[in-house]
Every structure is written in C-alpha cells, then in structure tokens.
file target.cif (mmCIF, C-alpha atoms)
data_my_file
loop_
_atom_site.label_atom_id
_atom_site.label_comp_id
_atom_site.auth_asym_id
_atom_site.auth_seq_id
_atom_site.Cartn_x
_atom_site.Cartn_y
_atom_site.Cartn_z
CA MET A 1 1.54 -7.76 -11.57
CA ILE A 2 0.80 -4.26 -10.36
CA ASP A 3 3.41 -1.66 -11.39
CA LEU A 4 4.96 -0.52 -8.11
CA LYS A 5 6.29 2.90 -7.20
CA TYR A 6 9.74 2.63 -5.70
CA SER A 7 11.45 5.50 -3.92
CA ASN A 8 15.25 5.43 -4.31
CA ASN A 9 14.72 1.89 -5.64
CA LEU A 10 13.09 0.82 -2.37
CA ILE A 11 9.55 0.09 -1.27
CA PRO A 12 8.50 -0.29 2.38
CA VAL A 13 7.15 -3.66 3.42
CA VAL A 14 4.92 -4.38 6.42
CA ALA A 15 5.29 -8.00 7.51
CA VAL A 16 2.18 -9.33 9.21
CA ASP A 17 1.51 -12.67 10.88
CA ALA A 18 -0.85 -14.41 8.45
CA ARG A 19 -2.74 -16.08 11.27
CA THR A 20 -2.99 -13.48 14.03
CA ARG A 21 -2.63 -10.39 11.77
CA GLU A 22 -0.08 -8.98 14.22
CA VAL A 23 2.35 -6.53 12.62
CA LEU A 24 5.76 -8.15 13.03
CA MET A 25 8.11 -5.66 11.42
CA VAL A 26 8.60 -3.04 8.75
CA ALA A 27 11.54 -3.25 6.37
CA TYR A 28 12.35 -2.36 2.75
CA ALA A 29 12.56 -4.29 -0.50
CA ASP A 30 14.16 -3.47 -3.79
CA ARG A 31 13.07 -5.13 -7.04
CA GLU A 32 15.46 -8.03 -6.57
CA ALA A 33 14.40 -8.70 -2.98
CA LEU A 34 10.76 -8.77 -4.07
CA GLU A 35 11.60 -11.08 -6.97
CA LEU A 36 13.48 -13.43 -4.62
CA THR A 37 10.54 -13.36 -2.21
CA ARG A 38 8.14 -14.35 -4.98
CA LYS A 39 10.44 -16.99 -6.40
CA THR A 40 11.46 -18.69 -3.16
CA GLY A 41 8.36 -18.08 -1.04
CA PHE A 42 10.54 -16.67 1.76
CA ALA A 43 10.71 -13.01 2.74
CA HIS A 44 13.70 -11.10 1.39
CA TYR A 45 14.44 -7.46 2.09
CA PHE A 46 17.07 -4.91 1.23
CA SER A 47 19.18 -3.78 4.16
CA ARG A 48 19.81 -0.05 3.90
CA SER A 49 22.65 -0.16 6.43
CA ARG A 50 24.38 -3.17 4.94
CA LYS A 51 23.41 -2.20 1.40
CA ARG A 52 22.55 -5.72 0.37
CA ILE A 53 19.72 -8.15 -0.08
CA TRP A 54 18.88 -9.97 3.08
CA LYS A 55 16.84 -13.15 3.53
CA LYS A 56 14.91 -12.80 6.76
CA GLY A 57 16.24 -15.42 9.17
CA GLU A 58 19.37 -16.18 7.17
CA GLU A 59 21.42 -15.91 10.37
CA SER A 60 18.86 -16.66 13.05
CA GLY A 61 16.87 -19.36 11.27
CA HIS A 62 13.75 -17.33 11.92
CA LEU A 63 12.45 -17.45 8.39
CA GLN A 64 9.26 -15.90 7.10
CA ARG A 65 7.28 -18.05 4.67
CA VAL A 66 5.25 -15.61 2.59
CA VAL A 67 1.65 -16.67 2.15
CA ARG A 68 0.43 -13.63 0.20
CA ILE A 69 1.66 -10.23 -0.90
CA LEU A 70 -0.67 -7.23 -0.83
CA VAL A 71 -0.23 -3.76 -2.33
CA ASP A 72 -1.72 -0.53 -1.06
CA CYS A 73 -3.89 1.84 -3.09
CA ASP A 74 -0.97 4.14 -3.91
CA GLU A 75 1.12 1.17 -5.04
CA ASP A 76 4.06 2.38 -2.99
CA THR A 77 3.87 0.02 0.01
CA LEU A 78 3.73 -3.77 0.28
CA LEU A 79 2.34 -6.09 2.91
CA TYR A 80 3.77 -9.59 3.30
CA GLU A 81 1.42 -12.02 5.06
CA VAL A 82 3.86 -14.49 6.61
CA GLU A 83 4.20 -17.60 8.67
CA GLN A 84 6.91 -16.53 11.10
CA GLU A 85 9.38 -19.12 12.28
CA GLY A 86 10.32 -18.27 15.90
CA VAL A 87 10.37 -14.52 16.43
CA ALA A 88 10.57 -11.59 14.04
CA CYS A 89 12.57 -9.27 16.29
CA HIS A 90 16.28 -9.55 17.00
CA THR A 91 15.50 -8.63 20.64
CA GLY A 92 13.73 -11.98 21.08
CA HIS A 93 10.26 -10.48 20.99
CA ARG A 94 7.70 -11.89 18.60
CA SER A 95 7.13 -8.47 17.03
CA CYS A 96 9.45 -5.50 16.58
CA PHE A 97 6.56 -3.34 17.83
CA HIS A 98 6.77 -4.45 21.44
CA ARG A 99 6.97 -1.04 23.13
CA THR A 100 4.76 1.99 23.45
CA LEU A 101 6.05 5.44 22.54
CA GLU A 102 6.63 5.95 26.26
CA GLY A 103 8.89 2.90 26.37
CA GLU A 104 6.55 0.48 28.14
CA GLU A 105 7.00 -3.16 27.12
CA ILE A 106 3.65 -4.55 26.00
CA GLU A 107 4.82 -7.99 24.97
CA PRO A 108 7.17 -10.39 26.77
CA ARG A 109 10.51 -11.43 25.35
CA ILE A 110 10.06 -14.99 24.10
CA LEU A 111 13.66 -15.87 23.40
CA ASP A 112 17.06 -14.80 24.70
CA PRO A 113 18.63 -13.27 21.61
CA GLU A 114 22.14 -14.02 22.90
CA GLU A 115 21.42 -17.71 22.88
CA VAL A 116 19.34 -17.92 19.78
CA TYR A 117 21.04 -15.63 17.36
CA ARG A 118 24.50 -16.53 16.19
CA LYS A 119 24.98 -12.91 15.32
CA HIS A 120 22.92 -9.80 15.70
CA GLU A 121 20.66 -9.68 12.69
CA LYS A 122 20.30 -5.99 12.02
CA ARG A 123 17.21 -5.44 10.02
CA ASP A 124 17.78 -2.21 8.32
CA MET B 1 9.21 9.22 25.38
CA ILE B 2 11.48 7.15 23.16
CA ASP B 3 13.86 9.21 21.02
CA LEU B 4 12.79 8.51 17.45
CA LYS B 5 14.92 8.32 14.34
CA TYR B 6 13.46 10.43 11.58
CA SER B 7 14.62 10.24 7.98
CA ASN B 8 14.31 13.56 6.15
CA ASN B 9 12.22 14.65 9.13
CA LEU B 10 9.71 11.87 8.50
CA ILE B 11 8.92 8.56 10.15
CA PRO B 12 6.69 5.89 8.59
CA VAL B 13 3.50 5.04 10.44
CA VAL B 14 1.50 1.82 10.12
CA ALA B 15 -2.13 2.41 11.10
CA VAL B 16 -3.80 -0.71 12.44
CA ASP B 17 -7.40 -1.34 13.47
CA ALA B 18 -7.17 -1.59 17.27
CA ARG B 19 -9.89 -4.23 17.39
CA THR B 20 -9.28 -6.49 14.38
CA ARG B 21 -5.53 -5.74 14.03
CA GLU B 22 -6.05 -5.26 10.30
CA VAL B 23 -3.44 -3.01 8.69
CA LEU B 24 -5.40 -0.04 7.36
CA MET B 25 -2.73 2.14 5.77
CA VAL B 26 0.85 3.31 5.86
CA ALA B 27 1.67 7.01 5.86
CA TYR B 28 4.33 9.34 7.28
CA ALA B 29 4.54 11.67 10.25
CA ASP B 30 6.86 14.50 11.05
CA ARG B 31 7.46 15.69 14.63
CA GLU B 32 4.54 18.09 14.49
CA ALA B 33 2.10 15.50 13.12
CA LEU B 34 3.08 13.12 15.90
CA GLU B 35 2.71 15.85 18.49
CA LEU B 36 -0.76 16.73 17.16
CA THR B 37 -1.70 13.06 17.22
CA ARG B 38 -0.67 12.76 20.85
CA LYS B 39 -2.31 16.02 21.86
CA THR B 40 -5.64 15.56 20.07
CA GLY B 41 -5.97 11.77 20.13
CA PHE B 42 -6.64 11.77 16.38
CA ALA B 43 -4.20 10.54 13.74
CA HIS B 44 -2.24 13.23 11.96
CA TYR B 45 0.26 12.62 9.19
CA PHE B 46 2.52 14.61 6.95
CA SER B 47 1.57 14.54 3.28
CA ARG B 48 4.70 14.30 1.17
CA SER B 49 2.87 15.34 -1.99
CA ARG B 50 1.02 18.26 -0.44
CA LYS B 51 3.92 19.08 1.88
CA ARG B 52 1.70 19.75 4.85
CA ILE B 53 0.29 18.24 7.99
CA TRP B 54 -2.86 16.32 7.38
CA LYS B 55 -5.49 15.18 9.88
CA LYS B 56 -6.79 11.83 8.69
CA GLY B 57 -10.43 12.27 7.75
CA GLU B 58 -10.32 16.07 7.67
CA GLU B 59 -12.13 16.02 4.33
CA SER B 60 -13.93 12.69 4.43
CA GLY B 61 -14.92 12.63 8.08
CA HIS B 62 -13.24 9.25 8.37
CA LEU B 63 -11.22 10.07 11.44
CA GLN B 64 -8.86 7.76 13.27
CA ARG B 65 -9.01 7.89 17.04
CA VAL B 66 -5.62 6.74 18.25
CA VAL B 67 -5.80 4.27 21.11
CA ARG B 68 -2.08 3.57 21.46
CA ILE B 69 1.18 4.34 19.70
CA LEU B 70 3.87 1.68 19.41
CA VAL B 71 7.51 2.01 18.32
CA ASP B 72 9.64 -0.64 16.65
CA CYS B 73 12.98 -1.91 17.94
CA ASP B 74 14.98 0.36 15.64
CA GLU B 75 12.92 3.36 16.73
CA ASP B 76 12.41 4.42 13.14
CA THR B 77 8.83 3.25 12.55
CA LEU B 78 5.58 3.90 14.42
CA LEU B 79 2.37 1.95 14.71
CA TYR B 80 -0.89 3.72 15.49
CA GLU B 81 -3.59 1.47 16.93
CA VAL B 82 -6.77 3.24 15.85
CA GLU B 83 -10.53 3.17 15.95
CA GLN B 84 -11.32 3.89 12.33
CA GLU B 85 -14.41 5.91 11.51
CA GLY B 86 -15.83 4.59 8.22
CA VAL B 87 -13.07 3.47 5.90
CA ALA B 88 -9.35 4.18 5.80
CA CYS B 89 -8.95 4.11 2.04
CA HIS B 90 -10.00 6.85 -0.36
CA THR B 91 -11.20 4.09 -2.74
CA GLY B 92 -13.99 3.20 -0.30
CA HIS B 93 -12.29 0.04 0.93
CA ARG B 94 -11.81 -0.47 4.63
CA SER B 95 -8.06 -0.93 4.17
CA CYS B 96 -5.66 0.51 1.62
CA PHE B 97 -4.23 -3.02 1.30
CA HIS B 98 -7.19 -4.48 -0.57
CA ARG B 99 -5.38 -6.00 -3.54
CA THR B 100 -2.78 -8.69 -4.08
CA LEU B 101 0.40 -7.98 -6.02
CA GLU B 102 -1.34 -9.57 -9.00
CA GLY B 103 -4.17 -7.06 -8.77
CA GLU B 104 -6.85 -9.32 -7.33
CA GLU B 105 -9.33 -7.56 -5.02
CA ILE B 106 -9.44 -9.40 -1.70
CA GLU B 107 -11.83 -7.07 0.10
CA PRO B 108 -15.08 -5.52 -1.12
CA ARG B 109 -15.53 -1.80 -1.52
CA ILE B 110 -17.70 -0.69 1.38
CA LEU B 111 -18.46 2.84 0.27
CA ASP B 112 -18.70 4.69 -3.00
CA PRO B 113 -15.90 7.23 -2.71
CA GLU B 114 -17.66 9.62 -5.10
CA GLU B 115 -20.56 9.90 -2.73
CA VAL B 116 -18.72 9.87 0.52
CA TYR B 117 -15.71 12.03 -0.11
CA ARG B 118 -16.24 15.66 -0.85
CA LYS B 119 -12.84 15.67 -2.45
CA HIS B 120 -10.26 13.05 -3.16
CA GLU B 121 -8.22 12.74 -0.01
CA LYS B 122 -4.77 11.94 -1.27
CA ARG B 123 -2.81 10.34 1.48
CA ASP B 124 0.74 10.88 0.58
#
call {"tool": "encode", "arguments": {"input": "target.cif", "output": "structure tokens"}}
result
Amino acid sequence: MIDLKYSNNLIPVVAVDARTREVLMVAYADREALELTRKTGFAHYFSRSRKRIWKKGEESGHLQRVVRILVDCDEDTLLYEVEQEGVACHTGHRSCFHRTLEGEEIEPRILDPEEVYRKHEKRD
Amino acid sequence: MIDLKYSNNLIPVVAVDARTREVLMVAYADREALELTRKTGFAHYFSRSRKRIWKKGEESGHLQRVVRILVDCDEDTLLYEVEQEGVACHTGHRSCFHRTLEGEEIEPRILDPEEVYRKHEKRD
C-alpha cells in the first residue's frame, strides 16, 4: 500500500460515482476511516465537526460501496470510486456539487431530505 | 456569488475534465486565485509549498480553461470543470489519480515529463 501523507491526521477524499464518474462529494478520512473502508467495502470518513468516524449513510441508509480507491501523484488525496445508494447529498441531490458559484441549481433534487433522512447527516 | 468557507484562507478545488468528467487533480485556491480564475477563464491555484498563486500550466503549457465552477452543499469545496490542455499531472499522466492505493498504475503515461516540462511543476 502506498504510504500516504496526512495533514493533521486527515486526508481529503473525493467520492466519485464508479459508473458515471460524477463527483458526488468531498470529505476527509483518517487512518482508521480508511482502514474501515478497506475492511468493510463501505465508505467511512472522519467528521471534523463531530470529531468522529462516520460511515456514509449510517443514518440515511445511503451507503457508498467502494469499488476502488485511487491515490494522487502527491499521495495526499484519495479518490473513492463508489456505487452510491440513493443520493450522496443531505439536501436530496445526487451530488453535493449541484450549484454553480453563482448559486444556480444545475441538478434537480431527487429526494425530499425531510422524508428520507431520519436526521440531518452533516458530512463534515 | 455564494459566500464560501475558507479554511486558513484556502478552499480545496477538484478539477474535472468537462467532457469526460474524469477527476484530473485536487489543489487549493485562495480568494485571489479564485478571482484570477474567474477573471481570466484559466485555472489558478494557491501553492501551499511555494506559498504563492500558481496558474496551472504556467511552466508546462498545460493550461486548464475553466468552463464552469461548482460549489458543494457545505460551501467549503469547489469543482472546476475544465478543458485540459495536454495532461494535468506532472508525471505525464492525464490525471493525477493514476494509481490504486496498492500502487497499481491504471492509466498509461501519455507524455514523458522530462521532455515536456521545462521544470517540475509542483502542484501543492
């Protein structure tokens, strides 16, 4: 396994739809989250706000099955290729990147987050 | 324009091929780099190691024309959709994410970096 460069014990992770290649979200992993991801096959991250490991979809059921993990040339960023159950974004959009810098929605909301999520799943 | 959340005056940026959606690289922008990107239409970043603004391709010629800029739901990460001139990675690979966590190359080297780059263009 490639020796990764963590910053404050964290490494950024880009989660990408393995089929469409769409960028779904960006979050952070620590060593334990990465180990859990590799061991279980489901995406785990480290929540900086909640200061704990977080299994993606643990509250919403919108799990990410990790097909492959890539590393960038500097070995300080990861890419999870995932099969996304439901939607990645707590807003009910498929991707967290559903707006332009000017605030225009480029992707429709697929789900009503109030109905689907038992609790707001804050990513980071 | 959406009010962005910077961390230590930086915001991570995922650069994606506007046509294929392939993730090319992840780097960081400060307010000035983002402003230059918007003004010029070419991707600018802030190099953490060199502590200065950096126009992607300024040494290699491998510019990124920015087609659209997206923001994530937390407003703390950007996505540049780009038309990539040549390759994004200083190794000569199209994408910086050309290896698995186990070190397996998943994408061929397109260019010999020694020939193409006048100088190693360190990204971050």
call {"tool": "closest_residue", "arguments": {"input": "target.cif", "among": "A:Val23, A:Leu78, A:Val67, A:Ile53", "to": "Asp3 in chain A", "atoms": "only C-alpha atoms"}}
result
A:Leu78
call {"tool": "calpha_fit_and_write", "arguments": {"input": "target.cif", "fixed": "chain A", "moving": "chain B", "output": "PDB file with C-alpha atoms, keeping the file's coordinate frame"}}
result
ATOM      1  CA  MET B   1       1.531  -7.756 -11.584  1.00  0.00           C
ATOM      2  CA  ILE B   2       0.807  -4.247 -10.344  1.00  0.00           C
ATOM      3  CA  ASP B   3       3.412  -1.669 -11.370  1.00  0.00           C
ATOM      4  CA  LEU B   4       4.964  -0.522  -8.106  1.00  0.00           C
ATOM      5  CA  LYS B   5       6.297   2.889  -7.195  1.00  0.00           C
ATOM      6  CA  TYR B   6       9.746   2.629  -5.698  1.00  0.00           C
ATOM      7  CA  SER B   7      11.469   5.499  -3.928  1.00  0.00           C
ATOM      8  CA  ASN B   8      15.253   5.411  -4.305  1.00  0.00           C
ATOM      9  CA  ASN B   9      14.726   1.887  -5.625  1.00  0.00           C
ATOM     10  CA  LEU B  10      13.097   0.815  -2.365  1.00  0.00           C
ATOM     11  CA  ILE B  11       9.552   0.092  -1.262  1.00  0.00           C
ATOM     12  CA  PRO B  12       8.501  -0.292   2.383  1.00  0.00           C
ATOM     13  CA  VAL B  13       7.147  -3.671   3.418  1.00  0.00           C
ATOM     14  CA  VAL B  14       4.923  -4.382   6.421  1.00  0.00           C
ATOM     15  CA  ALA B  15       5.288  -8.010   7.514  1.00  0.00           C
ATOM     16  CA  VAL B  16       2.178  -9.338   9.210  1.00  0.00           C
ATOM     17  CA  ASP B  17       1.511 -12.678  10.889  1.00  0.00           C
ATOM     18  CA  ALA B  18      -0.849 -14.408   8.442  1.00  0.00           C
ATOM     19  CA  ARG B  19      -2.758 -16.077  11.262  1.00  0.00           C
ATOM     20  CA  THR B  20      -2.998 -13.474  14.038  1.00  0.00           C
ATOM     21  CA  ARG B  21      -2.632 -10.393  11.775  1.00  0.00           C
ATOM     22  CA  GLU B  22      -0.088  -8.992  14.219  1.00  0.00           C
ATOM     23  CA  VAL B  23       2.349  -6.545  12.624  1.00  0.00           C
ATOM     24  CA  LEU B  24       5.762  -8.164  13.030  1.00  0.00           C
ATOM     25  CA  MET B  25       8.123  -5.663  11.425  1.00  0.00           C
ATOM     26  CA  VAL B  26       8.607  -3.050   8.754  1.00  0.00           C
ATOM     27  CA  ALA B  27      11.544  -3.254   6.367  1.00  0.00           C
ATOM     28  CA  TYR B  28      12.344  -2.363   2.750  1.00  0.00           C
ATOM     29  CA  ALA B  29      12.566  -4.289  -0.496  1.00  0.00           C
ATOM     30  CA  ASP B  30      14.163  -3.473  -3.785  1.00  0.00           C
ATOM     31  CA  ARG B  31      13.063  -5.127  -7.048  1.00  0.00           C
ATOM     32  CA  GLU B  32      15.456  -8.018  -6.574  1.00  0.00           C
ATOM     33  CA  ALA B  33      14.389  -8.692  -2.976  1.00  0.00           C
ATOM     34  CA  LEU B  34      10.764  -8.772  -4.076  1.00  0.00           C
ATOM     35  CA  GLU B  35      11.596 -11.071  -6.961  1.00  0.00           C
ATOM     36  CA  LEU B  36      13.474 -13.433  -4.621  1.00  0.00           C
ATOM     37  CA  THR B  37      10.543 -13.366  -2.221  1.00  0.00           C
ATOM     38  CA  ARG B  38       8.142 -14.340  -4.980  1.00  0.00           C
ATOM     39  CA  LYS B  39      10.444 -16.983  -6.412  1.00  0.00           C
ATOM     40  CA  THR B  40      11.464 -18.674  -3.156  1.00  0.00           C
ATOM     41  CA  GLY B  41       8.362 -18.078  -1.035  1.00  0.00           C
ATOM     42  CA  PHE B  42      10.541 -16.675   1.757  1.00  0.00           C
ATOM     43  CA  ALA B  43      10.722 -13.008   2.734  1.00  0.00           C
ATOM     44  CA  HIS B  44      13.692 -11.111   1.383  1.00  0.00           C
ATOM     45  CA  TYR B  45      14.446  -7.473   2.087  1.00  0.00           C
ATOM     46  CA  PHE B  46      17.064  -4.925   1.229  1.00  0.00           C
ATOM     47  CA  SER B  47      19.175  -3.777   4.162  1.00  0.00           C
ATOM     48  CA  ARG B  48      19.788  -0.054   3.896  1.00  0.00           C
ATOM     49  CA  SER B  49      22.628  -0.156   6.414  1.00  0.00           C
ATOM     50  CA  ARG B  50      24.373  -3.172   4.929  1.00  0.00           C
ATOM     51  CA  LYS B  51      23.403  -2.196   1.384  1.00  0.00           C
ATOM     52  CA  ARG B  52      22.552  -5.722   0.363  1.00  0.00           C
ATOM     53  CA  ILE B  53      19.723  -8.155  -0.085  1.00  0.00           C
ATOM     54  CA  TRP B  54      18.864  -9.967   3.071  1.00  0.00           C
ATOM     55  CA  LYS B  55      16.841 -13.156   3.526  1.00  0.00           C
ATOM     56  CA  LYS B  56      14.915 -12.809   6.766  1.00  0.00           C
ATOM     57  CA  GLY B  57      16.234 -15.409   9.179  1.00  0.00           C
ATOM     58  CA  GLU B  58      19.381 -16.178   7.189  1.00  0.00           C
ATOM     59  CA  GLU B  59      21.425 -15.912  10.380  1.00  0.00           C
ATOM     60  CA  SER B  60      18.852 -16.651  13.058  1.00  0.00           C
ATOM     61  CA  GLY B  61      16.877 -19.349  11.291  1.00  0.00           C
ATOM     62  CA  HIS B  62      13.744 -17.322  11.925  1.00  0.00           C
ATOM     63  CA  LEU B  63      12.457 -17.457   8.389  1.00  0.00           C
ATOM     64  CA  GLN B  64       9.258 -15.927   7.093  1.00  0.00           C
ATOM     65  CA  ARG B  65       7.272 -18.044   4.679  1.00  0.00           C
ATOM     66  CA  VAL B  66       5.249 -15.620   2.602  1.00  0.00           C
ATOM     67  CA  VAL B  67       1.643 -16.672   2.147  1.00  0.00           C
ATOM     68  CA  ARG B  68       0.432 -13.637   0.204  1.00  0.00           C
ATOM     69  CA  ILE B  69       1.662 -10.229  -0.887  1.00  0.00           C
ATOM     70  CA  LEU B  70      -0.675  -7.241  -0.819  1.00  0.00           C
ATOM     71  CA  VAL B  71      -0.226  -3.766  -2.325  1.00  0.00           C
ATOM     72  CA  ASP B  72      -1.717  -0.522  -1.060  1.00  0.00           C
ATOM     73  CA  CYS B  73      -3.877   1.847  -3.098  1.00  0.00           C
ATOM     74  CA  ASP B  74      -0.965   4.147  -3.918  1.00  0.00           C
ATOM     75  CA  GLU B  75       1.129   1.179  -5.031  1.00  0.00           C
ATOM     76  CA  ASP B  76       4.069   2.379  -2.984  1.00  0.00           C
ATOM     77  CA  THR B  77       3.865   0.027   0.009  1.00  0.00           C
ATOM     78  CA  LEU B  78       3.736  -3.767   0.283  1.00  0.00           C
ATOM     79  CA  LEU B  79       2.356  -6.089   2.909  1.00  0.00           C
ATOM     80  CA  TYR B  80       3.757  -9.588   3.308  1.00  0.00           C
ATOM     81  CA  GLU B  81       1.426 -12.020   5.063  1.00  0.00           C
ATOM     82  CA  VAL B  82       3.859 -14.485   6.616  1.00  0.00           C
ATOM     83  CA  GLU B  83       4.192 -17.605   8.692  1.00  0.00           C
ATOM     84  CA  GLN B  84       6.903 -16.539  11.092  1.00  0.00           C
ATOM     85  CA  GLU B  85       9.385 -19.125  12.297  1.00  0.00           C
ATOM     86  CA  GLY B  86      10.314 -18.264  15.900  1.00  0.00           C
ATOM     87  CA  VAL B  87      10.367 -14.527  16.434  1.00  0.00           C
ATOM     88  CA  ALA B  88      10.564 -11.592  14.047  1.00  0.00           C
ATOM     89  CA  CYS B  89      12.565  -9.290  16.283  1.00  0.00           C
ATOM     90  CA  HIS B  90      16.280  -9.550  16.989  1.00  0.00           C
ATOM     91  CA  THR B  91      15.492  -8.642  20.633  1.00  0.00           C
ATOM     92  CA  GLY B  92      13.727 -11.990  21.085  1.00  0.00           C
ATOM     93  CA  HIS B  93      10.245 -10.487  20.988  1.00  0.00           C
ATOM     94  CA  ARG B  94       7.698 -11.899  18.601  1.00  0.00           C
ATOM     95  CA  SER B  95       7.134  -8.475  17.038  1.00  0.00           C
ATOM     96  CA  CYS B  96       9.458  -5.519  16.589  1.00  0.00           C
ATOM     97  CA  PHE B  97       6.573  -3.344  17.834  1.00  0.00           C
ATOM     98  CA  HIS B  98       6.774  -4.452  21.456  1.00  0.00           C
ATOM     99  CA  ARG B  99       6.976  -1.061  23.150  1.00  0.00           C
ATOM    100  CA  THR B 100       4.764   1.990  23.445  1.00  0.00           C
ATOM    101  CA  LEU B 101       6.056   5.440  22.546  1.00  0.00           C
ATOM    102  CA  GLU B 102       6.627   5.941  26.268  1.00  0.00           C
ATOM    103  CA  GLY B 103       8.892   2.905  26.396  1.00  0.00           C
ATOM    104  CA  GLU B 104       6.551   0.493  28.145  1.00  0.00           C
ATOM    105  CA  GLU B 105       6.994  -3.161  27.127  1.00  0.00           C
ATOM    106  CA  ILE B 106       3.639  -4.544  26.007  1.00  0.00           C
ATOM    107  CA  GLU B 107       4.825  -7.993  24.971  1.00  0.00           C
ATOM    108  CA  PRO B 108       7.165 -10.391  26.768  1.00  0.00           C
ATOM    109  CA  ARG B 109      10.493 -11.433  25.339  1.00  0.00           C
ATOM    110  CA  ILE B 110      10.036 -14.986  24.106  1.00  0.00           C
ATOM    111  CA  LEU B 111      13.643 -15.868  23.407  1.00  0.00           C
ATOM    112  CA  ASP B 112      17.019 -14.801  24.685  1.00  0.00           C
ATOM    113  CA  PRO B 113      18.607 -13.257  21.607  1.00  0.00           C
ATOM    114  CA  GLU B 114      22.114 -14.022  22.887  1.00  0.00           C
ATOM    115  CA  GLU B 115      21.361 -17.701  22.836  1.00  0.00           C
ATOM    116  CA  VAL B 116      19.298 -17.877  19.728  1.00  0.00           C
ATOM    117  CA  TYR B 117      21.065 -15.591  17.324  1.00  0.00           C
ATOM    118  CA  ARG B 118      24.518 -16.501  16.206  1.00  0.00           C
ATOM    119  CA  LYS B 119      25.019 -12.881  15.330  1.00  0.00           C
ATOM    120  CA  HIS B 120      22.963  -9.775  15.709  1.00  0.00           C
ATOM    121  CA  GLU B 121      20.702  -9.668  12.699  1.00  0.00           C
ATOM    122  CA  LYS B 122      20.343  -5.992  11.997  1.00  0.00           C
ATOM    123  CA  ARG B 123      17.258  -5.437   9.962  1.00  0.00           C
ATOM    124  CA  ASP B 124      17.784  -2.185   8.274  1.00  0.00           C
TER     125      ASP B 124
END
call {"tool": "resolve_selection", "arguments": {"input": "target.cif", "expression": "the PyMOL selection byres ((chain B and resi 91-99) around 7)", "output": "list in words"}}
result
Leu70, Val71, Asp72 and Cys73 of chain A; Val23, Leu24, Met25, Val87, Ala88, Cys89, His90, Thr100, Leu101, Gly103, Glu104, Glu105, Ile106, Glu107, Pro108, Arg109, Ile110, Leu111, Asp112 and Pro113 of chain B
call {"tool": "resolve_selection", "arguments": {"input": "target.cif", "expression": "the PyMOL selection byres ((chain B and resi 4) around 8)", "output": "ChimeraX atom specification"}}
result
/B:2-3,5-6,75-76
call {"tool": "write_last_selection", "arguments": {"input": "target.cif", "atoms": "C-alpha atoms", "output": "mmCIF file, in the frame of the given file"}}
result
data_model
loop_
_atom_site.group_PDB
_atom_site.id
_atom_site.type_symbol
_atom_site.label_atom_id
_atom_site.label_comp_id
_atom_site.auth_asym_id
_atom_site.auth_seq_id
_atom_site.Cartn_x
_atom_site.Cartn_y
_atom_site.Cartn_z
ATOM 1 C CA ILE B 2 11.480 7.150 23.160
ATOM 2 C CA ASP B 3 13.860 9.210 21.020
ATOM 3 C CA LYS B 5 14.920 8.320 14.340
ATOM 4 C CA TYR B 6 13.460 10.430 11.580
ATOM 5 C CA GLU B 75 12.920 3.360 16.730
ATOM 6 C CA ASP B 76 12.410 4.420 13.140
#
call {"tool": "closest_residue", "arguments": {"input": "target.cif", "among": "A:Ala33, A:Leu10, A:Ala43, A:Ala27", "to": "chain B", "atoms": "only C-alpha atoms"}}
result
A:Ala27
call {"tool": "resolve_selection", "arguments": {"input": "target.cif", "expression": "the PyMOL selection byres ((chain B and resi 8) around 12)", "output": "PyMOL selection string"}}
result
chain B and resi 5-7+9-12+28-31+46+48+76
call {"tool": "build_atoms", "arguments": {"input": "target.cif", "residues": "range 2-16 of chain A", "atoms": "N, CA and C atoms", "output": "short mmCIF file (atom, residue, chain, number, x, y, z; two decimals), in the frame of the given file"}}
result
data_model
loop_
_atom_site.label_atom_id
_atom_site.label_comp_id
_atom_site.auth_asym_id
_atom_site.auth_seq_id
_atom_site.Cartn_x
_atom_site.Cartn_y
_atom_site.Cartn_z
N ILE A 2 0.98 -5.71 -10.47
CA ILE A 2 0.80 -4.26 -10.36
C ILE A 2 2.16 -3.56 -10.47
N ASP A 3 2.18 -2.44 -11.20
CA ASP A 3 3.41 -1.66 -11.39
C ASP A 3 3.65 -0.83 -10.13
N LEU A 4 4.72 -1.14 -9.42
CA LEU A 4 4.96 -0.52 -8.11
C LEU A 4 5.76 0.77 -8.23
N LYS A 5 5.53 1.64 -7.26
CA LYS A 5 6.29 2.90 -7.20
C LYS A 5 7.39 2.76 -6.14
N TYR A 6 8.60 2.71 -6.61
CA TYR A 6 9.74 2.63 -5.70
C TYR A 6 10.27 4.05 -5.43
N SER A 7 10.82 4.23 -4.26
CA SER A 7 11.45 5.50 -3.92
C SER A 7 12.92 5.21 -3.62
N ASN A 8 13.82 5.78 -4.39
CA ASN A 8 15.25 5.43 -4.31
C ASN A 8 15.43 3.91 -4.43
N ASN A 9 14.67 3.34 -5.36
CA ASN A 9 14.72 1.89 -5.64
C ASN A 9 14.24 1.01 -4.49
N LEU A 10 13.58 1.60 -3.50
CA LEU A 10 13.09 0.82 -2.37
C LEU A 10 11.59 1.02 -2.19
N ILE A 11 10.97 0.00 -1.62
CA ILE A 11 9.55 0.09 -1.27
C ILE A 11 9.40 -0.46 0.15
N PRO A 12 8.67 0.24 1.03
CA PRO A 12 8.50 -0.29 2.38
C PRO A 12 7.60 -1.52 2.39
N VAL A 13 7.91 -2.42 3.29
CA VAL A 13 7.15 -3.66 3.42
C VAL A 13 6.72 -3.84 4.88
N VAL A 14 5.43 -4.03 5.10
CA VAL A 14 4.92 -4.38 6.42
C VAL A 14 4.77 -5.89 6.45
N ALA A 15 5.45 -6.55 7.38
CA ALA A 15 5.29 -8.00 7.51
C ALA A 15 4.30 -8.28 8.63
N VAL A 16 3.28 -9.06 8.29
CA VAL A 16 2.18 -9.33 9.21
C VAL A 16 2.05 -10.83 9.40
#
